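Okay, so here's the structure we're looking at.
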Amino acid sequence: MNVLVINAGSSSLKFQLLDTKTREVYAKGNCERIGIDGSFIGYNVKDGDKQKLEVALPDHKTAIKHVFEILAGAGFDTDKIEGIGHRVVQGGWYFPESKVVTDETLGWVREVAPLAPLHNYAEADVIEICREMFPSIGNVIVADTSFHYNIPEKAWRYALPRDVVDKLHIRKYGAHGTSHRYIWRSTKELLGDDVHKLVSCHLGSGASLSAIQDGKDMDTTMGLTPLDGLIMGTRCGTIDPATVCYLVREGGYTIDEVDTMMNKQSGLLALSGISSDSRDIEDGVNKGDPNCIMAFDMFYYRTSQLIAEMAQSMHGFDTMAFSAGIGENSATMRMGVAKELEWLGVKVDPEKNKVRSDELRVISTDDSKIKVLVVPTNEELMIALDVEELLGK
Ligand code: ADP
């Protein structure tokens, strides 16, 4: 089935057209700076070179029009596109699984948008535009929170007053669910009956862990929002919640300033003082920069602590998988985290760890109690497979 996957942000729109049977990617790209001066579309068609189309993109509708023109130019007229899968960041309490777009399900994306205002409104608008422009193509909503929705209540409930929690739908929703689901699927395909309890580590500029037991999610590190849990590129992760009150009362910051500080000015960026990108910080470590050394140390410390926490929620683990930008590419970060976990039986082979590859691979030693894998994630494929399942004839 030829599926177009769309991942819309407030000023960007990523797309990928792929075949679910052969898993071949026909085209992919990103419309950037939508609604801002200097907008353009960077894209590849099949194995061709990267192209850049500098074009005014005043709104998402114009961006989608151009995407369909690019696809038509590559031989994929609208009638060859059999379904559209939309990544939705926050599914709230309505999407324990992916759902076909109807007036009702689209309304739900908007209803839960206050939980993720920067994403859900734009995503809902894009879904609506696709329905209007291409009424013959079915649309599917794939929420990043779905995989985590059925974690045990003791894992998702917050110890806040029940009336407040109920009224405002406060709970752990998690994120990166589509990626964690894919990581489980790939790990299971490789290891078969040898995997039961997996700690899935999605370590990108946003980062989260998931405890997955026989395919079912048991807990995850992100919470009501993607700010919780691990130290990330620019996000602080878990801190004492009273810090927010203290910053407002004593620091004189507004609540929006605190929001920006914690989401955009914290994490590895704040610790290193130079960059949110692990590659830049690694350069700093190699030059002996003490702030960069501390940034990496804290990343290893917190990540390994939370891996142990995830393992606890399953009363053990047999496998852990590194994924996303850092997890797939940074041998240094993988080894740093793994070393912290040696006491639990995690042993990574330095030679296997060093290999650079786009393939799923095992990097633990043969005598490691815990199997350690690198799993290139593929959220687009996971979304497309959901579309096939819901719309495939
Ligand atoms: P997101 O999708 O959340 O933006 P990614 O999964 O693309 O994030 O991860 C981006 C991060 O991955 C970068 O900030 C960088 O720290 C890290 N990264 C990407 N490529 C490499 C690499 N080749 N070596 C080391 N780290 C890398």
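Chain lettering (A, B, ...) mirrors the order of the structure tokens, residue numbering begins at 1 for each chain separately, and ligand numbering begins at 1 in order of display.
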
Using only C-alpha atoms, what does the table of segment 29-104 of chain A residues within 8 Å of segment 167-175 of chain A look like, with each row giving the shortest atom pair and its distance in Å to one decimal, sorted by chain and ascending number, as a Markdown table?
| residue | atom | partner | partner_atom | distance |
| --- | --- | --- | --- | --- |
| A:Val89 | CA | A:Ala175 | CA | 7.3 |
| A:Gln90 | CA | A:Ala175 | CA | 7.9 |
| A:Gly92 | CA | A:Tyr173 | CA | 7.1 |

In segment 25-195 of chain A, DSSP strand (DSSP E) residues written as number ranges by chain:
A: 25-32, 40-45, 51-54, 83-88, 99-100, 139-143

Only C-alpha atoms, please: the residues just picked out, written as a tab-separated table (two decimals), in the first residue's frame.
chain	number	residue	atom	x	y	z
A	25	VAL	CA	10.59	5.04	0.46
A	26	TYR	CA	9.59	6.81	-2.76
A	27	ALA	CA	9.96	10.38	-1.56
A	28	LYS	CA	10.57	12.28	1.63
A	29	GLY	CA	11.12	15.83	2.66
A	30	ASN	CA	10.41	18.71	4.95
A	31	CYS	CA	8.56	21.97	4.33
A	32	GLU	CA	10.32	24.46	6.57
A	40	PHE	CA	11.57	26.21	1.42
A	41	ILE	CA	11.04	22.49	0.85
A	42	GLY	CA	14.00	20.13	1.10
A	43	TYR	CA	13.25	16.72	-0.38
A	44	ASN	CA	14.54	13.55	-1.98
A	45	VAL	CA	12.82	11.45	-4.59
A	51	GLN	CA	16.67	19.00	-3.73
A	52	LYS	CA	15.71	22.37	-2.40
A	53	LEU	CA	12.63	24.20	-3.61
A	54	GLU	CA	12.58	27.81	-2.45
A	83	GLY	CA	-3.86	6.51	2.51
A	84	ILE	CA	-2.44	9.31	4.62
A	85	GLY	CA	-1.11	8.73	8.13
A	86	HIS	CA	-0.88	11.72	10.45
A	87	ARG	CA	1.40	11.80	13.42
A	88	VAL	CA	-0.38	13.44	16.34
A	99	LYS	CA	-7.99	5.65	14.46
A	100	VAL	CA	-9.44	6.54	11.05
A	139	ASN	CA	-6.70	9.56	6.68
A	140	VAL	CA	-5.53	7.93	9.89
A	141	ILE	CA	-4.49	9.48	13.20
A	142	VAL	CA	-1.48	7.87	14.88
A	143	ALA	CA	-0.92	9.43	18.30

Selection near Glu111 of chain A, 10 Å with only C-alpha atoms, sequence-local residues under 4 positions removed, as a ChimeraX atom specification
/A:91-92,94,105-107,115,120-121

Saved selection, atoms kept: N, CA, C and O atoms, as an mmCIF file, in the first residue's frame:
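Output contents, as saved in part-v4.cif:
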data_model
loop_
_atom_site.group_PDB
_atom_site.id
_atom_site.type_symbol
_atom_site.label_atom_id
_atom_site.label_comp_id
_atom_site.auth_asym_id
_atom_site.auth_seq_id
_atom_site.Cartn_x
_atom_site.Cartn_y
_atom_site.Cartn_z
ATOM 1 N N GLY A 91 -2.633 12.386 22.040
ATOM 2 C CA GLY A 91 -3.936 11.769 21.776
ATOM 3 C C GLY A 91 -4.862 11.828 22.985
ATOM 4 O O GLY A 91 -6.018 11.419 22.906
ATOM 5 N N GLY A 92 -4.320 12.307 24.109
ATOM 6 C CA GLY A 92 -5.143 12.420 25.316
ATOM 7 C C GLY A 92 -5.775 11.091 25.680
ATOM 8 O O GLY A 92 -5.145 10.047 25.576
ATOM 9 N N TYR A 94 -8.398 9.790 24.191
ATOM 10 C CA TYR A 94 -9.225 9.300 23.088
ATOM 11 C C TYR A 94 -8.547 8.292 22.163
ATOM 12 O O TYR A 94 -9.195 7.686 21.332
ATOM 13 N N THR A 105 -13.317 11.949 15.379
ATOM 14 C CA THR A 105 -11.935 11.738 15.833
ATOM 15 C C THR A 105 -11.097 13.002 15.641
ATOM 16 O O THR A 105 -10.229 13.316 16.453
ATOM 17 N N LEU A 106 -11.390 13.747 14.556
ATOM 18 C CA LEU A 106 -10.673 15.008 14.346
ATOM 19 C C LEU A 106 -11.006 15.997 15.467
ATOM 20 O O LEU A 106 -10.132 16.717 15.966
ATOM 21 N N GLY A 107 -12.269 15.991 15.893
ATOM 22 C CA GLY A 107 -12.688 16.851 17.005
ATOM 23 C C GLY A 107 -11.914 16.517 18.278
ATOM 24 O O GLY A 107 -11.541 17.403 19.060
ATOM 25 N N LEU A 115 -3.306 20.164 25.933
ATOM 26 C CA LEU A 115 -2.199 19.400 26.509
ATOM 27 C C LEU A 115 -0.931 19.501 25.654
ATOM 28 O O LEU A 115 0.158 19.208 26.131
ATOM 29 N N ASN A 120 -0.810 20.017 18.473
ATOM 30 C CA ASN A 120 -2.091 19.440 18.066
ATOM 31 C C ASN A 120 -2.928 20.337 17.155
ATOM 32 O O ASN A 120 -3.577 19.846 16.241
ATOM 33 N N TYR A 121 -2.896 21.657 17.418
ATOM 34 C CA TYR A 121 -3.732 22.528 16.575
ATOM 35 C C TYR A 121 -3.267 22.470 15.125
ATOM 36 O O TYR A 121 -4.080 22.351 14.198
#

Would you list the contacts of segment 255-265 of chain A as a list in words, taking every protein, DNA or RNA residue within 6 Å and counting only C-alpha atoms, but skipping same-chain residues closer than 2 positions in sequence?
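What passes the distance filter is Thr234, Arg235, Cys236 and Tyr253 of chain A.
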
Once you count only C-alpha atoms and all ligand atoms, which residues end up within 10 Å of ligand 1, and could you hand them over as a PyMOL selection string?
chain A and resi 176+202-207+232-234+268+275-282+323-333+356+376-377

Suppose we keep N, CA and C atoms; can you now write the selection as a compact mmCIF listing (two decimals), in the first residue's frame?
# COMPACT_ATOMS: atom_id res chain seq x y z
N HIS A 176 6.76 9.63 22.19
CA HIS A 176 7.62 8.71 21.41
C HIS A 176 7.03 7.30 21.34
N HIS A 202 14.82 5.65 23.56
CA HIS A 202 14.77 6.59 22.44
C HIS A 202 15.54 7.83 22.86
N LEU A 203 16.78 7.94 22.40
CA LEU A 203 17.63 9.05 22.83
C LEU A 203 17.93 9.95 21.64
N GLY A 204 17.11 10.96 21.45
CA GLY A 204 17.35 11.96 20.40
C GLY A 204 17.48 13.30 21.09
N SER A 205 17.14 14.38 20.38
CA SER A 205 17.17 15.66 21.11
C SER A 205 16.05 15.67 22.16
N GLY A 206 14.94 15.04 21.85
CA GLY A 206 13.98 14.65 22.89
C GLY A 206 14.29 13.20 23.24
N ALA A 207 14.11 12.81 24.48
CA ALA A 207 14.52 11.44 24.84
C ALA A 207 13.56 10.85 25.87
N MET A 232 17.55 16.11 28.39
CA MET A 232 17.50 16.09 26.92
C MET A 232 18.33 17.23 26.35
N GLY A 233 18.27 17.41 25.04
CA GLY A 233 19.06 18.45 24.39
C GLY A 233 18.88 19.81 25.04
N THR A 234 17.61 20.24 25.13
CA THR A 234 17.35 21.56 25.74
C THR A 234 16.33 21.48 26.87
N LEU A 268 21.19 19.47 28.11
CA LEU A 268 22.60 19.42 27.71
C LEU A 268 23.12 20.80 27.32
N SER A 275 26.25 23.82 23.59
CA SER A 275 25.40 23.27 22.54
C SER A 275 24.45 22.23 23.12
N SER A 276 23.35 22.01 22.38
CA SER A 276 22.44 20.93 22.77
C SER A 276 22.80 19.65 22.02
N ASP A 277 23.73 19.74 21.10
CA ASP A 277 24.06 18.60 20.23
C ASP A 277 25.19 17.79 20.85
N SER A 278 24.96 16.50 21.00
CA SER A 278 25.94 15.65 21.69
C SER A 278 27.30 15.64 20.98
N ARG A 279 27.29 15.88 19.65
CA ARG A 279 28.57 15.88 18.93
C ARG A 279 29.46 17.04 19.37
N ASP A 280 28.84 18.22 19.52
CA ASP A 280 29.61 19.39 19.96
C ASP A 280 30.12 19.18 21.38
N ILE A 281 29.28 18.58 22.21
CA ILE A 281 29.69 18.39 23.62
C ILE A 281 30.82 17.36 23.69
N GLU A 282 30.73 16.35 22.83
CA GLU A 282 31.80 15.35 22.81
C GLU A 282 33.14 16.00 22.42
N SER A 323 18.22 3.80 20.59
CA SER A 323 17.65 4.27 19.32
C SER A 323 17.66 5.79 19.24
N ALA A 324 17.27 6.32 18.08
CA ALA A 324 17.20 7.76 17.76
C ALA A 324 18.61 8.37 17.64
N GLY A 325 18.67 9.66 17.35
CA GLY A 325 19.92 10.33 16.98
C GLY A 325 21.12 9.96 17.83
N ILE A 326 20.99 10.08 19.14
CA ILE A 326 22.11 9.76 20.03
C ILE A 326 22.27 8.24 20.15
N GLY A 327 21.18 7.55 20.39
CA GLY A 327 21.24 6.10 20.61
C GLY A 327 21.77 5.34 19.41
N GLU A 328 21.44 5.83 18.20
CA GLU A 328 21.90 5.13 17.00
C GLU A 328 23.31 5.51 16.59
N ASN A 329 23.74 6.72 16.97
CA ASN A 329 24.99 7.23 16.41
C ASN A 329 26.14 7.45 17.38
N SER A 330 25.84 7.65 18.64
CA SER A 330 26.93 8.02 19.54
C SER A 330 27.44 6.81 20.35
N ALA A 331 28.55 6.25 19.88
CA ALA A 331 29.16 5.12 20.59
C ALA A 331 29.58 5.55 21.99
N THR A 332 30.03 6.79 22.13
CA THR A 332 30.48 7.29 23.43
C THR A 332 29.33 7.32 24.43
N MET A 333 28.20 7.86 24.01
CA MET A 333 27.04 7.95 24.91
C MET A 333 26.54 6.55 25.27
N ARG A 356 29.85 1.62 12.83
CA ARG A 356 28.83 2.57 12.36
C ARG A 356 27.99 1.87 11.30
N PRO A 376 17.72 1.13 14.72
CA PRO A 376 17.33 2.35 14.00
C PRO A 376 15.81 2.47 14.00
N THR A 377 15.32 3.53 14.57
CA THR A 377 13.86 3.64 14.66
C THR A 377 13.27 4.07 13.32

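Counting only C-alpha atoms and comparing A:Ala242, A:Asn378, A:Trp343, A:Leu391, the residue that lies closest to Ser186 of chain A is A:Asn378.
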
For Gly215 of chain A, work out the shell of residues within 9 Å, counting only C-alpha atoms and skipping chain neighbours fewer than 4 positions away, then give it as a PyMOL selection string.
chain A and resi 181+184-185+188+196-198

What's around Ser12 of chain A at 12 Å? Count only C-alpha atoms, leave out sequence neighbours fewer than 4 positions away in its own chain, and write the answer as a PyMOL selection string.
chain A and resi 6-8+29-36+39-42+57-64+118-119+122-123+126

Leu209 of chain A surroundings by only C-alpha atoms, 8 Å radius, close-in-sequence under 4 positions cut, as number ranges by chain
A: 199-202, 220-222, 306-307, 310

Any chance you can output those residues with N, CA and C atoms as a tab-separated table (two decimals), in the first residue's frame?
chain	number	residue	atom	x	y	z
A	199	VAL	N	13.91	-2.70	27.85
A	199	VAL	CA	13.93	-1.26	28.13
A	199	VAL	C	14.33	-0.58	26.82
A	200	SER	N	13.37	0.14	26.26
A	200	SER	CA	13.58	0.81	24.98
A	200	SER	C	14.05	2.23	25.26
A	201	CYS	N	15.20	2.61	24.66
A	201	CYS	CA	15.80	3.91	24.95
A	201	CYS	C	15.79	4.77	23.69
A	202	HIS	N	14.82	5.65	23.56
A	202	HIS	CA	14.77	6.59	22.44
A	202	HIS	C	15.54	7.83	22.86
A	220	THR	N	6.83	4.51	31.35
A	220	THR	CA	7.62	5.34	30.45
A	220	THR	C	8.08	6.57	31.22
A	221	THR	N	9.10	7.25	30.71
A	221	THR	CA	9.70	8.32	31.53
A	221	THR	C	9.09	9.70	31.29
A	222	MET	N	8.46	9.94	30.13
A	222	MET	CA	7.82	11.23	29.94
A	222	MET	C	6.46	11.21	30.63
A	306	LEU	N	17.28	5.87	35.29
A	306	LEU	CA	15.90	5.67	34.81
A	306	LEU	C	15.74	4.34	34.08
A	307	ILE	N	16.82	3.84	33.48
A	307	ILE	CA	16.76	2.49	32.89
A	307	ILE	C	16.49	1.48	34.00
A	310	MET	N	12.90	1.70	34.94
A	310	MET	CA	12.05	1.00	33.98
A	310	MET	C	12.12	-0.52	34.21

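Atom to atom, atom CA of Arg131 of chain A and atom CA of Ser10 of chain A stand 18.8 Å apart.
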
Would you give me, as JSON, numbers by chain, the residues in segment 146-391 of chain A that DSSP reads as helix (DSSP H, G or I)?
{"A": [146, 147, 148, 153, 154, 155, 156, 162, 163, 164, 165, 166, 167, 168, 177, 178, 179, 180, 181, 182, 183, 184, 185, 186, 187, 188, 189, 190, 191, 192, 193, 194, 242, 243, 244, 245, 246, 247, 248, 249, 255, 256, 257, 258, 259, 260, 261, 262, 263, 264, 267, 268, 269, 270, 271, 272, 278, 279, 280, 281, 282, 283, 284, 285, 286, 290, 291, 292, 293, 294, 295, 296, 297, 298, 299, 300, 301, 302, 303, 304, 305, 306, 307, 308, 309, 310, 311, 312, 313, 324, 325, 326, 327, 328, 329, 331, 332, 333, 334, 335, 336, 337, 338, 339, 340, 342, 343, 344, 350, 351, 352, 353, 354, 379, 380, 381, 382, 383, 384, 385, 386, 387, 388, 389, 390, 391]}
